[in-house]
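Raw start10.pdb, PDB, N, CA and C atoms:
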ATOM      1  N   MET D   1       0.841  -1.179   0.000
ATOM      2  CA  MET D   1       0.000   0.000   0.000
ATOM      3  C   MET D   1       0.885   1.241   0.000
ATOM      4  N   ARG D   2       0.369   2.304  -0.620
ATOM      5  CA  ARG D   2       1.108   3.556  -0.656
ATOM      6  C   ARG D   2       0.129   4.716  -0.570
ATOM      7  N   THR D   3       0.583   5.814  -0.010
ATOM      8  CA  THR D   3      -0.263   6.998   0.075
ATOM      9  C   THR D   3      -0.287   7.674  -1.285
ATOM     10  N   ARG D   4      -1.472   8.174  -1.681
ATOM     11  CA  ARG D   4      -1.596   8.840  -2.973
ATOM     12  C   ARG D   4      -2.772   9.797  -2.951
ATOM     13  N   LYS D   5      -3.033  10.399  -4.091
ATOM     14  CA  LYS D   5      -4.180  11.305  -4.215
ATOM     15  C   LYS D   5      -5.482  10.510  -4.234
ATOM     16  N   LEU D   6      -6.565  11.206  -3.959
ATOM     17  CA  LEU D   6      -7.885  10.580  -4.000
ATOM     18  C   LEU D   6      -8.238  10.151  -5.420
ATOM     19  N   PRO D   7      -8.795   8.946  -5.590
ATOM     20  CA  PRO D   7      -9.365   8.592  -6.892
ATOM     21  C   PRO D   7     -10.487   9.579  -7.217
ATOM     22  N   ALA D   8     -10.704   9.848  -8.494
ATOM     23  CA  ALA D   8     -11.680  10.866  -8.916
ATOM     24  C   ALA D   8     -13.064  10.628  -8.323
ATOM     25  N   VAL D   9     -13.557   9.397  -8.349
ATOM     26  CA  VAL D   9     -14.916   9.133  -7.852
ATOM     27  C   VAL D   9     -14.997   9.328  -6.340
ATOM     28  N   VAL D  10     -13.914   9.052  -5.624
ATOM     29  CA  VAL D  10     -13.894   9.273  -4.175
ATOM     30  C   VAL D  10     -13.912  10.773  -3.885
ATOM     31  N   ALA D  11     -13.132  11.528  -4.627
ATOM     32  CA  ALA D  11     -13.144  12.987  -4.471
ATOM     33  C   ALA D  11     -14.540  13.541  -4.759
ATOM     34  N   SER D  12     -15.173  13.036  -5.812
ATOM     35  CA  SER D  12     -16.537  13.480  -6.156
ATOM     36  C   SER D  12     -17.516  13.142  -5.044
ATOM     37  N   TYR D  13     -17.404  11.926  -4.499
ATOM     38  CA  TYR D  13     -18.278  11.500  -3.409
ATOM     39  C   TYR D  13     -18.117  12.429  -2.199
ATOM     40  N   LEU D  14     -16.872  12.688  -1.796
ATOM     41  CA  LEU D  14     -16.636  13.515  -0.614
ATOM     42  C   LEU D  14     -17.130  14.943  -0.815
ATOM     43  N   THR D  15     -16.919  15.492  -1.995
ATOM     44  CA  THR D  15     -17.420  16.836  -2.290
ATOM     45  C   THR D  15     -18.938  16.869  -2.204
ATOM     46  N   ALA D  16     -19.588  15.904  -2.837
ATOM     47  CA  ALA D  16     -21.053  15.842  -2.828
ATOM     48  C   ALA D  16     -21.595  15.636  -1.417
ATOM     49  N   ALA D  17     -20.945  14.769  -0.654
ATOM     50  CA  ALA D  17     -21.384  14.514   0.722
ATOM     51  C   ALA D  17     -21.255  15.784   1.563
ATOM     52  N   ASN D  18     -20.154  16.500   1.421
ATOM     53  CA  ASN D  18     -19.972  17.732   2.184
ATOM     54  C   ASN D  18     -20.965  18.815   1.785
ATOM     55  N   GLU D  19     -21.441  18.763   0.543
ATOM     56  CA  GLU D  19     -22.449  19.721   0.072
ATOM     57  C   GLU D  19     -23.869  19.233   0.332
ATOM     58  N   GLN D  20     -23.994  18.055   0.942
ATOM     59  CA  GLN D  20     -25.302  17.447   1.229
ATOM     60  C   GLN D  20     -26.105  17.252  -0.071
ATOM     61  N   ASP D  21     -25.414  16.939  -1.159
ATOM     62  CA  ASP D  21     -26.030  16.752  -2.480
ATOM     63  C   ASP D  21     -26.272  15.262  -2.702
ATOM     64  N   ILE D  22     -27.449  14.800  -2.342
ATOM     65  CA  ILE D  22     -27.780  13.380  -2.354
ATOM     66  C   ILE D  22     -27.741  12.798  -3.765
ATOM     67  N   VAL D  23     -28.223  13.514  -4.748
ATOM     68  CA  VAL D  23     -28.200  13.035  -6.136
ATOM     69  C   VAL D  23     -26.762  12.815  -6.591
ATOM     70  N   ALA D  24     -25.890  13.779  -6.289
ATOM     71  CA  ALA D  24     -24.476  13.650  -6.678
ATOM     72  C   ALA D  24     -23.788  12.533  -5.904
ATOM     73  N   VAL D  25     -24.120  12.365  -4.625
ATOM     74  CA  VAL D  25     -23.558  11.252  -3.849
ATOM     75  C   VAL D  25     -23.936   9.935  -4.510
ATOM     76  N   ALA D  26     -25.209   9.746  -4.775
ATOM     77  CA  ALA D  26     -25.685   8.479  -5.357
ATOM     78  C   ALA D  26     -25.056   8.206  -6.717
ATOM     79  N   SER D  27     -24.775   9.253  -7.482
ATOM     80  CA  SER D  27     -24.205   9.059  -8.819
ATOM     81  C   SER D  27     -22.789   8.488  -8.776
ATOM     82  N   CYS D  28     -22.144   8.520  -7.620
ATOM     83  CA  CYS D  28     -20.787   7.977  -7.474
ATOM     84  C   CYS D  28     -20.791   6.456  -7.302
ATOM     85  N   PHE D  29     -21.955   5.891  -7.023
ATOM     86  CA  PHE D  29     -22.055   4.470  -6.700
ATOM     87  C   PHE D  29     -22.566   3.639  -7.870
ATOM     88  N   ASP D  30     -22.106   2.390  -7.913
ATOM     89  CA  ASP D  30     -22.602   1.388  -8.847
ATOM     90  C   ASP D  30     -24.039   1.014  -8.466
ATOM     91  N   GLN D  31     -24.804   0.540  -9.415
ATOM     92  CA  GLN D  31     -26.211   0.176  -9.170
ATOM     93  C   GLN D  31     -26.374  -0.858  -8.054
ATOM     94  N   ASP D  32     -25.398  -1.761  -7.905
ATOM     95  CA  ASP D  32     -25.485  -2.822  -6.893
ATOM     96  C   ASP D  32     -24.559  -2.576  -5.703
ATOM     97  N   ALA D  33     -24.173  -1.342  -5.489
ATOM     98  CA  ALA D  33     -23.217  -0.998  -4.436
ATOM     99  C   ALA D  33     -23.724  -1.392  -3.056
ATOM    100  N   ILE D  34     -22.769  -1.599  -2.171
ATOM    101  CA  ILE D  34     -23.050  -1.895  -0.767
ATOM    102  C   ILE D  34     -22.388  -0.814   0.088
ATOM    103  N   VAL D  35     -23.151  -0.271   1.032
ATOM    104  CA  VAL D  35     -22.609   0.671   2.009
ATOM    105  C   VAL D  35     -22.809   0.065   3.388
ATOM    106  N   ARG D  36     -21.718   0.013   4.161
ATOM    107  CA  ARG D  36     -21.787  -0.458   5.540
ATOM    108  C   ARG D  36     -21.399   0.714   6.434
ATOM    109  N   ASP D  37     -22.349   1.126   7.275
ATOM    110  CA  ASP D  37     -22.152   2.271   8.155
ATOM    111  C   ASP D  37     -23.029   2.085   9.383
ATOM    112  N   GLU D  38     -22.528   2.472  10.531
ATOM    113  CA  GLU D  38     -23.262   2.381  11.795
ATOM    114  C   GLU D  38     -23.820   0.979  12.033
ATOM    115  N   GLY D  39     -23.033  -0.037  11.657
ATOM    116  CA  GLY D  39     -23.417  -1.423  11.912
ATOM    117  C   GLY D  39     -24.472  -1.983  10.983
ATOM    118  N   MET D  40     -24.856  -1.241   9.961
ATOM    119  CA  MET D  40     -25.875  -1.709   9.023
ATOM    120  C   MET D  40     -25.313  -1.730   7.606
ATOM    121  N   SER D  41     -25.819  -2.679   6.806
ATOM    122  CA  SER D  41     -25.455  -2.741   5.388
ATOM    123  C   SER D  41     -26.659  -2.360   4.547
ATOM    124  N   ARG D  42     -26.383  -1.624   3.485
ATOM    125  CA  ARG D  42     -27.425  -1.240   2.522
ATOM    126  C   ARG D  42     -26.922  -1.621   1.150
ATOM    127  N   ARG D  43     -27.805  -2.216   0.331
ATOM    128  CA  ARG D  43     -27.396  -2.694  -0.980
ATOM    129  C   ARG D  43     -28.307  -2.122  -2.057
ATOM    130  N   GLY D  44     -27.682  -1.664  -3.135
ATOM    131  CA  GLY D  44     -28.420  -1.128  -4.273
ATOM    132  C   GLY D  44     -28.509   0.383  -4.210
ATOM    133  N   ILE D  45     -28.666   0.974  -5.373
ATOM    134  CA  ILE D  45     -28.603   2.430  -5.477
ATOM    135  C   ILE D  45     -29.727   3.131  -4.707
ATOM    136  N   ALA D  46     -30.917   2.543  -4.678
ATOM    137  CA  ALA D  46     -32.016   3.162  -3.919
ATOM    138  C   ALA D  46     -31.695   3.186  -2.428
ATOM    139  N   ALA D  47     -31.127   2.097  -1.908
ATOM    140  CA  ALA D  47     -30.766   2.033  -0.489
ATOM    141  C   ALA D  47     -29.612   2.984  -0.183
ATOM    142  N   VAL D  48     -28.666   3.101  -1.106
ATOM    143  CA  VAL D  48     -27.551   4.037  -0.924
ATOM    144  C   VAL D  48     -28.076   5.471  -0.884
ATOM    145  N   ARG D  49     -28.984   5.795  -1.790
ATOM    146  CA  ARG D  49     -29.572   7.142  -1.824
ATOM    147  C   ARG D  49     -30.306   7.429  -0.512
ATOM    148  N   GLU D  50     -31.066   6.473  -0.015
ATOM    149  CA  GLU D  50     -31.803   6.642   1.241
ATOM    150  C   GLU D  50     -30.831   6.834   2.409
ATOM    151  N   TRP D  51     -29.759   6.033   2.440
ATOM    152  CA  TRP D  51     -28.733   6.167   3.478
ATOM    153  C   TRP D  51     -28.118   7.562   3.435
ATOM    154  N   ALA D  52     -27.729   8.019   2.256
ATOM    155  CA  ALA D  52     -27.097   9.328   2.116
ATOM    156  C   ALA D  52     -28.033  10.442   2.589
ATOM    157  N   ARG D  53     -29.296  10.341   2.230
ATOM    158  CA  ARG D  53     -30.273  11.344   2.660
ATOM    159  C   ARG D  53     -30.440  11.329   4.178
ATOM    160  N   ASP D  54     -30.564  10.120   4.749
ATOM    161  CA  ASP D  54     -30.755  10.001   6.193
ATOM    162  C   ASP D  54     -29.559  10.558   6.973
ATOM    163  N   VAL D  55     -28.349  10.214   6.543
ATOM    164  CA  VAL D  55     -27.137  10.693   7.207
ATOM    165  C   VAL D  55     -27.052  12.214   7.112
ATOM    166  N   SER D  56     -27.327  12.734   5.928
ATOM    167  CA  SER D  56     -27.262  14.174   5.714
ATOM    168  C   SER D  56     -28.248  14.915   6.608
ATOM    169  N   GLU D  57     -29.486  14.434   6.647
ATOM    170  CA  GLU D  57     -30.526  15.095   7.442
ATOM    171  C   GLU D  57     -30.256  14.978   8.941
ATOM    172  N   LYS D  58     -29.777  13.821   9.369
ATOM    173  CA  LYS D  58     -29.598  13.552  10.792
ATOM    174  C   LYS D  58     -28.345  14.211  11.358
ATOM    175  N   TYR D  59     -27.222  14.145  10.619
ATOM    176  CA  TYR D  59     -25.934  14.563  11.173
ATOM    177  C   TYR D  59     -25.320  15.807  10.534
ATOM    178  N   ARG D  60     -25.724  16.152   9.312
ATOM    179  CA  ARG D  60     -25.106  17.262   8.571
ATOM    180  C   ARG D  60     -23.573  17.161   8.612
ATOM    181  N   PRO D  61     -23.016  16.000   8.252
ATOM    182  CA  PRO D  61     -21.575  15.800   8.402
ATOM    183  C   PRO D  61     -20.748  16.586   7.391
ATOM    184  N   VAL D  62     -19.566  16.980   7.846
ATOM    185  CA  VAL D  62     -18.556  17.580   6.979
ATOM    186  C   VAL D  62     -17.291  16.748   7.175
ATOM    187  N   VAL D  63     -16.751  16.258   6.059
ATOM    188  CA  VAL D  63     -15.622  15.344   6.075
ATOM    189  C   VAL D  63     -14.363  16.075   5.613
ATOM    190  N   GLU D  64     -13.309  15.973   6.417
ATOM    191  CA  GLU D  64     -12.009  16.548   6.068
ATOM    192  C   GLU D  64     -11.005  15.401   5.964
ATOM    193  N   VAL D  65     -10.437  15.206   4.791
ATOM    194  CA  VAL D  65      -9.498  14.115   4.562
ATOM    195  C   VAL D  65      -8.203  14.370   5.320
ATOM    196  N   ILE D  66      -7.761  13.340   6.054
ATOM    197  CA  ILE D  66      -6.495  13.387   6.782
ATOM    198  C   ILE D  66      -5.433  12.612   6.006
ATOM    199  N   ASP D  67      -5.809  11.429   5.489
ATOM    200  CA  ASP D  67      -4.854  10.574   4.801
ATOM    201  C   ASP D  67      -5.593   9.707   3.790
ATOM    202  N   VAL D  68      -4.879   9.344   2.731
ATOM    203  CA  VAL D  68      -5.411   8.457   1.695
ATOM    204  C   VAL D  68      -4.377   7.368   1.455
ATOM    205  N   THR D  69      -4.833   6.125   1.491
ATOM    206  CA  THR D  69      -3.951   5.000   1.220
ATOM    207  C   THR D  69      -4.528   4.181   0.078
ATOM    208  N   ASP D  70      -3.709   3.917  -0.911
ATOM    209  CA  ASP D  70      -4.083   3.090  -2.048
ATOM    210  C   ASP D  70      -4.227   1.644  -1.588
ATOM    211  N   THR D  71      -5.231   0.943  -2.109
ATOM    212  CA  THR D  71      -5.388  -0.494  -1.864
ATOM    213  C   THR D  71      -5.482  -1.191  -3.216
ATOM    214  N   ASP D  72      -5.467  -2.520  -3.190
ATOM    215  CA  ASP D  72      -5.565  -3.276  -4.440
ATOM    216  C   ASP D  72      -6.886  -3.029  -5.158
ATOM    217  N   THR D  73      -7.928  -2.685  -4.401
ATOM    218  CA  THR D  73      -9.259  -2.552  -4.993
ATOM    219  C   THR D  73      -9.829  -1.139  -4.935
ATOM    220  N   GLY D  74      -9.060  -0.195  -4.421
ATOM    221  CA  GLY D  74      -9.578   1.168  -4.319
ATOM    222  C   GLY D  74      -8.715   2.042  -3.447
ATOM    223  N   ALA D  75      -9.303   2.543  -2.356
ATOM    224  CA  ALA D  75      -8.568   3.439  -1.462
ATOM    225  C   ALA D  75      -9.203   3.410  -0.078
ATOM    226  N   THR D  76      -8.366   3.679   0.916
ATOM    227  CA  THR D  76      -8.845   3.860   2.280
ATOM    228  C   THR D  76      -8.537   5.299   2.671
ATOM    229  N   VAL D  77      -9.565   5.984   3.158
ATOM    230  CA  VAL D  77      -9.446   7.385   3.540
ATOM    231  C   VAL D  77      -9.644   7.486   5.050
ATOM    232  N   THR D  78      -8.719   8.140   5.707
ATOM    233  CA  THR D  78      -8.905   8.503   7.102
ATOM    234  C   THR D  78      -9.361   9.956   7.089
ATOM    235  N   ALA D  79     -10.462  10.227   7.797
ATOM    236  CA  ALA D  79     -11.038  11.565   7.739
ATOM    237  C   ALA D  79     -11.538  12.009   9.104
ATOM    238  N   ARG D  80     -11.508  13.309   9.303
ATOM    239  CA  ARG D  80     -12.109  13.916  10.490
ATOM    240  C   ARG D  80     -13.511  14.355  10.076
ATOM    241  N   VAL D  81     -14.500  13.865  10.813
ATOM    242  CA  VAL D  81     -15.895  14.147  10.482
ATOM    243  C   VAL D  81     -16.515  14.962  11.608
ATOM    244  N   ALA D  82     -17.052  16.126  11.238
ATOM    245  CA  ALA D  82     -17.735  17.001  12.193
ATOM    246  C   ALA D  82     -19.198  17.087  11.768
ATOM    247  N   GLY D  83     -20.071  17.205  12.759
ATOM    248  CA  GLY D  83     -21.492  17.320  12.444
ATOM    249  C   GLY D  83     -22.333  17.394  13.694
ATOM    250  N   ASP D  84     -23.618  17.169  13.510
ATOM    251  CA  ASP D  84     -24.585  17.229  14.610
ATOM    252  C   ASP D  84     -24.704  15.865  15.277
ATOM    253  N   PHE D  85     -23.670  15.469  16.028
ATOM    254  CA  PHE D  85     -23.693  14.202  16.747
ATOM    255  C   PHE D  85     -22.771  14.309  17.959
ATOM    256  N   PRO D  86     -23.052  13.527  19.008
ATOM    257  CA  PRO D  86     -22.214  13.561  20.209
ATOM    258  C   PRO D  86     -20.770  13.186  19.885
ATOM    259  N   GLY D  87     -19.824  13.899  20.494
ATOM    260  CA  GLY D  87     -18.416  13.592  20.305
ATOM    261  C   GLY D  87     -17.798  14.209  19.067
ATOM    262  N   SER D  88     -18.563  14.992  18.324
ATOM    263  CA  SER D  88     -18.060  15.627  17.106
ATOM    264  C   SER D  88     -16.933  16.578  17.450
ATOM    265  N   PRO D  89     -15.847  16.559  16.673
ATOM    266  CA  PRO D  89     -15.574  15.718  15.518
ATOM    267  C   PRO D  89     -14.958  14.383  15.929
ATOM    268  N   VAL D  90     -15.033  13.417  14.998
ATOM    269  CA  VAL D  90     -14.422  12.096  15.188
ATOM    270  C   VAL D  90     -13.609  11.751  13.945
ATOM    271  N   ASP D  91     -12.622  10.891  14.134
ATOM    272  CA  ASP D  91     -11.855  10.387  13.003
ATOM    273  C   ASP D  91     -12.453   9.049  12.583
ATOM    274  N   LEU D  92     -12.755   8.924  11.298
ATOM    275  CA  LEU D  92     -13.346   7.703  10.758
ATOM    276  C   LEU D  92     -12.515   7.184   9.603
ATOM    277  N   ARG D  93     -12.680   5.898   9.332
ATOM    278  CA  ARG D  93     -12.010   5.226   8.220
ATOM    279  C   ARG D  93     -13.054   4.885   7.171
ATOM    280  N   TYR D  94     -12.814   5.325   5.944
ATOM    281  CA  TYR D  94     -13.686   5.045   4.808
ATOM    282  C   TYR D  94     -12.929   4.096   3.879
ATOM    283  N   ALA D  95     -13.382   2.865   3.767
ATOM    284  CA  ALA D  95     -12.742   1.888   2.878
ATOM    285  C   ALA D  95     -13.578   1.795   1.601
ATOM    286  N   PHE D  96     -13.029   2.298   0.505
ATOM    287  CA  PHE D  96     -13.713   2.325  -0.785
ATOM    288  C   PHE D  96     -13.227   1.183  -1.662
ATOM    289  N   THR D  97     -14.160   0.420  -2.199
ATOM    290  CA  THR D  97     -13.854  -0.557  -3.240
ATOM    291  C   THR D  97     -14.424   0.019  -4.527
ATOM    292  N   LEU D  98     -13.568   0.100  -5.554
ATOM    293  CA  LEU D  98     -13.941   0.754  -6.806
ATOM    294  C   LEU D  98     -13.896  -0.244  -7.955
ATOM    295  N   HIS D  99     -14.759  -0.001  -8.938
ATOM    296  CA  HIS D  99     -14.761  -0.806 -10.167
ATOM    297  C   HIS D  99     -15.305   0.056 -11.301
ATOM    298  N   GLN D 100     -14.533   0.166 -12.350
ATOM    299  CA  GLN D 100     -14.917   0.921 -13.541
ATOM    300  C   GLN D 100     -15.419   2.332 -13.212
ATOM    301  N   GLY D 101     -14.677   3.010 -12.347
ATOM    302  CA  GLY D 101     -14.976   4.405 -12.041
ATOM    303  C   GLY D 101     -16.149   4.649 -11.109
ATOM    304  N   LYS D 102     -16.652   3.597 -10.469
ATOM    305  CA  LYS D 102     -17.767   3.728  -9.524
ATOM    306  C   LYS D 102     -17.385   3.088  -8.195
ATOM    307  N   ILE D 103     -18.063   3.506  -7.147
ATOM    308  CA  ILE D 103     -17.907   2.888  -5.830
ATOM    309  C   ILE D 103     -18.824   1.679  -5.794
ATOM    310  N   VAL D 104     -18.248   0.492  -5.546
ATOM    311  CA  VAL D 104     -19.061  -0.718  -5.446
ATOM    312  C   VAL D 104     -19.262  -1.145  -3.994
ATOM    313  N   ARG D 105     -18.380  -0.645  -3.115
ATOM    314  CA  ARG D 105     -18.512  -0.933  -1.693
ATOM    315  C   ARG D 105     -17.869   0.198  -0.908
ATOM    316  N   LEU D 106     -18.542   0.600   0.163
ATOM    317  CA  LEU D 106     -18.013   1.601   1.084
ATOM    318  C   LEU D 106     -18.278   1.105   2.491
ATOM    319  N   GLU D 107     -17.199   0.983   3.263
ATOM    320  CA  GLU D 107     -17.329   0.611   4.675
ATOM    321  C   GLU D 107     -16.777   1.751   5.512
ATOM    322  N   ILE D 108     -17.622   2.262   6.409
ATOM    323  CA  ILE D 108     -17.231   3.379   7.270
ATOM    324  C   ILE D 108     -17.119   2.851   8.699
ATOM    325  N   SER D 109     -15.960   3.068   9.308
ATOM    326  CA  SER D 109     -15.762   2.588  10.685
ATOM    327  C   SER D 109     -14.911   3.586  11.459
TER     328      SER D 109
END

For the file at hand, write its structure as structure tokens.
Amino acid sequence: MRTRKLPAVVASYLTAANEQDIVAVASCFDQDAIVRDEGMSRRGIAAVREWARDVSEKYRPVVEVIDVTDTDTGATVTARVAGDFPGSPVDLRYAFTLHQGKIVRLEIS
């Protein structure tokens, strides 16, 4: 693994998420994508869109990238996340699996 710049789709996702732009967030994902966050998994673009909307409305998160590490299948981003939640800000790990310019899996821990 090596540190590098954000893949284009990851940069687009983070920008859209910080702008609370649910349509743009969803456009970064593959139709059959899986998102794992807060102990739950969501599969498919409709579920991803619903997750993005719920997170945006509930927490209003703003993500600041601390580090990016290249992986065999995508990238892992360490980020400081601030928003409307207890303990804000927190550092989280975003593990992105990418395929053909789309996010096929995102695990946030």

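Proximity ranking of D:Glu38, D:Glu57, D:Asp91, D:Asp70 relative to Glu107 in chain D places D:Glu38 first, based on only N, CA and C atoms.
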
Practice item. If you run DSSP over the backbone, which residues in chain D end up strand (DSSP E)? Put them as a PyMOL selection string. Key: chain D and resi 29-37+40-43+62-70+74-82+90-99+102-108

Go ahead and write the selection's residues with N, CA and C atoms as a short mmCIF file (atom, residue, chain, number, x, y, z; two decimals), keeping the file's coordinate frame.
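Final output, saved to out.cif:
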data_model
loop_
_atom_site.label_atom_id
_atom_site.label_comp_id
_atom_site.auth_asym_id
_atom_site.auth_seq_id
_atom_site.Cartn_x
_atom_site.Cartn_y
_atom_site.Cartn_z
N PHE D 29 -21.96 5.89 -7.02
CA PHE D 29 -22.06 4.47 -6.70
C PHE D 29 -22.57 3.64 -7.87
N ASP D 30 -22.11 2.39 -7.91
CA ASP D 30 -22.60 1.39 -8.85
C ASP D 30 -24.04 1.01 -8.47
N GLN D 31 -24.80 0.54 -9.41
CA GLN D 31 -26.21 0.18 -9.17
C GLN D 31 -26.37 -0.86 -8.05
N ASP D 32 -25.40 -1.76 -7.90
CA ASP D 32 -25.48 -2.82 -6.89
C ASP D 32 -24.56 -2.58 -5.70
N ALA D 33 -24.17 -1.34 -5.49
CA ALA D 33 -23.22 -1.00 -4.44
C ALA D 33 -23.72 -1.39 -3.06
N ILE D 34 -22.77 -1.60 -2.17
CA ILE D 34 -23.05 -1.90 -0.77
C ILE D 34 -22.39 -0.81 0.09
N VAL D 35 -23.15 -0.27 1.03
CA VAL D 35 -22.61 0.67 2.01
C VAL D 35 -22.81 0.06 3.39
N ARG D 36 -21.72 0.01 4.16
CA ARG D 36 -21.79 -0.46 5.54
C ARG D 36 -21.40 0.71 6.43
N ASP D 37 -22.35 1.13 7.28
CA ASP D 37 -22.15 2.27 8.15
C ASP D 37 -23.03 2.08 9.38
N MET D 40 -24.86 -1.24 9.96
CA MET D 40 -25.88 -1.71 9.02
C MET D 40 -25.31 -1.73 7.61
N SER D 41 -25.82 -2.68 6.81
CA SER D 41 -25.46 -2.74 5.39
C SER D 41 -26.66 -2.36 4.55
N ARG D 42 -26.38 -1.62 3.48
CA ARG D 42 -27.42 -1.24 2.52
C ARG D 42 -26.92 -1.62 1.15
N ARG D 43 -27.80 -2.22 0.33
CA ARG D 43 -27.40 -2.69 -0.98
C ARG D 43 -28.31 -2.12 -2.06
N VAL D 62 -19.57 16.98 7.85
CA VAL D 62 -18.56 17.58 6.98
C VAL D 62 -17.29 16.75 7.18
N VAL D 63 -16.75 16.26 6.06
CA VAL D 63 -15.62 15.34 6.08
C VAL D 63 -14.36 16.08 5.61
N GLU D 64 -13.31 15.97 6.42
CA GLU D 64 -12.01 16.55 6.07
C GLU D 64 -11.00 15.40 5.96
N VAL D 65 -10.44 15.21 4.79
CA VAL D 65 -9.50 14.12 4.56
C VAL D 65 -8.20 14.37 5.32
N ILE D 66 -7.76 13.34 6.05
CA ILE D 66 -6.50 13.39 6.78
C ILE D 66 -5.43 12.61 6.01
N ASP D 67 -5.81 11.43 5.49
CA ASP D 67 -4.85 10.57 4.80
C ASP D 67 -5.59 9.71 3.79
N VAL D 68 -4.88 9.34 2.73
CA VAL D 68 -5.41 8.46 1.70
C VAL D 68 -4.38 7.37 1.46
N THR D 69 -4.83 6.12 1.49
CA THR D 69 -3.95 5.00 1.22
C THR D 69 -4.53 4.18 0.08
N ASP D 70 -3.71 3.92 -0.91
CA ASP D 70 -4.08 3.09 -2.05
C ASP D 70 -4.23 1.64 -1.59
N GLY D 74 -9.06 -0.20 -4.42
CA GLY D 74 -9.58 1.17 -4.32
C GLY D 74 -8.72 2.04 -3.45
N ALA D 75 -9.30 2.54 -2.36
CA ALA D 75 -8.57 3.44 -1.46
C ALA D 75 -9.20 3.41 -0.08
N THR D 76 -8.37 3.68 0.92
CA THR D 76 -8.85 3.86 2.28
C THR D 76 -8.54 5.30 2.67
N VAL D 77 -9.56 5.98 3.16
CA VAL D 77 -9.45 7.38 3.54
C VAL D 77 -9.64 7.49 5.05
N THR D 78 -8.72 8.14 5.71
CA THR D 78 -8.90 8.50 7.10
C THR D 78 -9.36 9.96 7.09
N ALA D 79 -10.46 10.23 7.80
CA ALA D 79 -11.04 11.56 7.74
C ALA D 79 -11.54 12.01 9.10
N ARG D 80 -11.51 13.31 9.30
CA ARG D 80 -12.11 13.92 10.49
C ARG D 80 -13.51 14.36 10.08
N VAL D 81 -14.50 13.86 10.81
CA VAL D 81 -15.90 14.15 10.48
C VAL D 81 -16.52 14.96 11.61
N ALA D 82 -17.05 16.13 11.24
CA ALA D 82 -17.74 17.00 12.19
C ALA D 82 -19.20 17.09 11.77
N VAL D 90 -15.03 13.42 15.00
CA VAL D 90 -14.42 12.10 15.19
C VAL D 90 -13.61 11.75 13.94
N ASP D 91 -12.62 10.89 14.13
CA ASP D 91 -11.86 10.39 13.00
C ASP D 91 -12.45 9.05 12.58
N LEU D 92 -12.76 8.92 11.30
CA LEU D 92 -13.35 7.70 10.76
C LEU D 92 -12.52 7.18 9.60
N ARG D 93 -12.68 5.90 9.33
CA ARG D 93 -12.01 5.23 8.22
C ARG D 93 -13.05 4.88 7.17
N TYR D 94 -12.81 5.32 5.94
CA TYR D 94 -13.69 5.04 4.81
C TYR D 94 -12.93 4.10 3.88
N ALA D 95 -13.38 2.86 3.77
CA ALA D 95 -12.74 1.89 2.88
C ALA D 95 -13.58 1.80 1.60
N PHE D 96 -13.03 2.30 0.50
CA PHE D 96 -13.71 2.33 -0.78
C PHE D 96 -13.23 1.18 -1.66
N THR D 97 -14.16 0.42 -2.20
CA THR D 97 -13.85 -0.56 -3.24
C THR D 97 -14.42 0.02 -4.53
N LEU D 98 -13.57 0.10 -5.55
CA LEU D 98 -13.94 0.75 -6.81
C LEU D 98 -13.90 -0.24 -7.96
N HIS D 99 -14.76 0.00 -8.94
CA HIS D 99 -14.76 -0.81 -10.17
C HIS D 99 -15.30 0.06 -11.30
N LYS D 102 -16.65 3.60 -10.47
CA LYS D 102 -17.77 3.73 -9.52
C LYS D 102 -17.39 3.09 -8.20
N ILE D 103 -18.06 3.51 -7.15
CA ILE D 103 -17.91 2.89 -5.83
C ILE D 103 -18.82 1.68 -5.79
N VAL D 104 -18.25 0.49 -5.55
CA VAL D 104 -19.06 -0.72 -5.45
C VAL D 104 -19.26 -1.14 -3.99
N ARG D 105 -18.38 -0.64 -3.12
CA ARG D 105 -18.51 -0.93 -1.69
C ARG D 105 -17.87 0.20 -0.91
N LEU D 106 -18.54 0.60 0.16
CA LEU D 106 -18.01 1.60 1.08
C LEU D 106 -18.28 1.10 2.49
N GLU D 107 -17.20 0.98 3.26
CA GLU D 107 -17.33 0.61 4.68
C GLU D 107 -16.78 1.75 5.51
N ILE D 108 -17.62 2.26 6.41
CA ILE D 108 -17.23 3.38 7.27
C ILE D 108 -17.12 2.85 8.70
#

Exercise for review: Work out how far atom N of Tyr59 in chain D is from CA of Arg43 in chain D, in Å to one decimal.
Suggested key: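 Separation between CA of Arg43 in chain D and atom N of Tyr59 in chain D: 20.4 Å.
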
**Study point:** Secondary structure check, helix (DSSP H, G or I) residues of chain D, as a ChimeraX atom specification
**Key:** /D:8-18,22-27,45-59

Revision key, fill the gap. Separating CA of Ala16 in chain D from CA of Asp72 in chain D, to the nearest tenth of an Å, is a gap of 24.7 Å

Point to revise | Atomic distance atom N of Tyr13 in chain D - atom C of Lys102 in chain D, expressed in Å with one decimal | key: 9.6 Å

Check your understanding: Of the candidates D:Thr76, D:Gln20, D:Ser109, D:Gln100, which one gets nearest to Gly39 in chain D if we count only N, CA and C atoms?
Key -> D:Ser109

Review point. Which neighbours of Ala82 in chain D fall inside 7 Å, counting only N, CA and C atoms, when residues of the same chain fewer than 6 positions from it are skipped, and could you give them as a VMD selection string?
Key: chain D and resid 59 to 64 88 to 90

Exercise for review: Go ahead and find all residues with at least one atom no further than 6 Å from (-10.3, -4.2, -5.6) in the file's coordinates, using only N, CA and C atoms; report them as an NGL selection string.
Suggested key: :D and (72-74 or 97-98)

Please, what is the axis-aligned box for every listed atom of range 47-55 of chain D with 6 Å on each side, as centre and edge lengths in Å to one decimal, as lines of an AutoDock Vina configuration file?
center_x = -29.4
center_y = 7.1
center_z = 2.6
size_x = 16.8
size_y = 22.2
size_z = 21.1

Check your understanding: For Val25 in chain D, which of D:Val48, D:Asp37, D:Arg42, D:Asp84 is the closest residue, counting only N, CA and C atoms?
Key ->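 Among the listed residues, the smallest separation from Val25 in chain D belongs to D:Val48.
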
Exercise for review: Point out the residue among D:Val10, D:Ile108, D:Ile103, D:Leu92 with the least atom-to-atom distance to Cys28 in chain D, counting only N, CA and C atoms.
Suggested key: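 Ranking D:Val10, D:Ile108, D:Ile103, D:Leu92 by distance to Cys28 in chain D, first place goes to D:Ile103.
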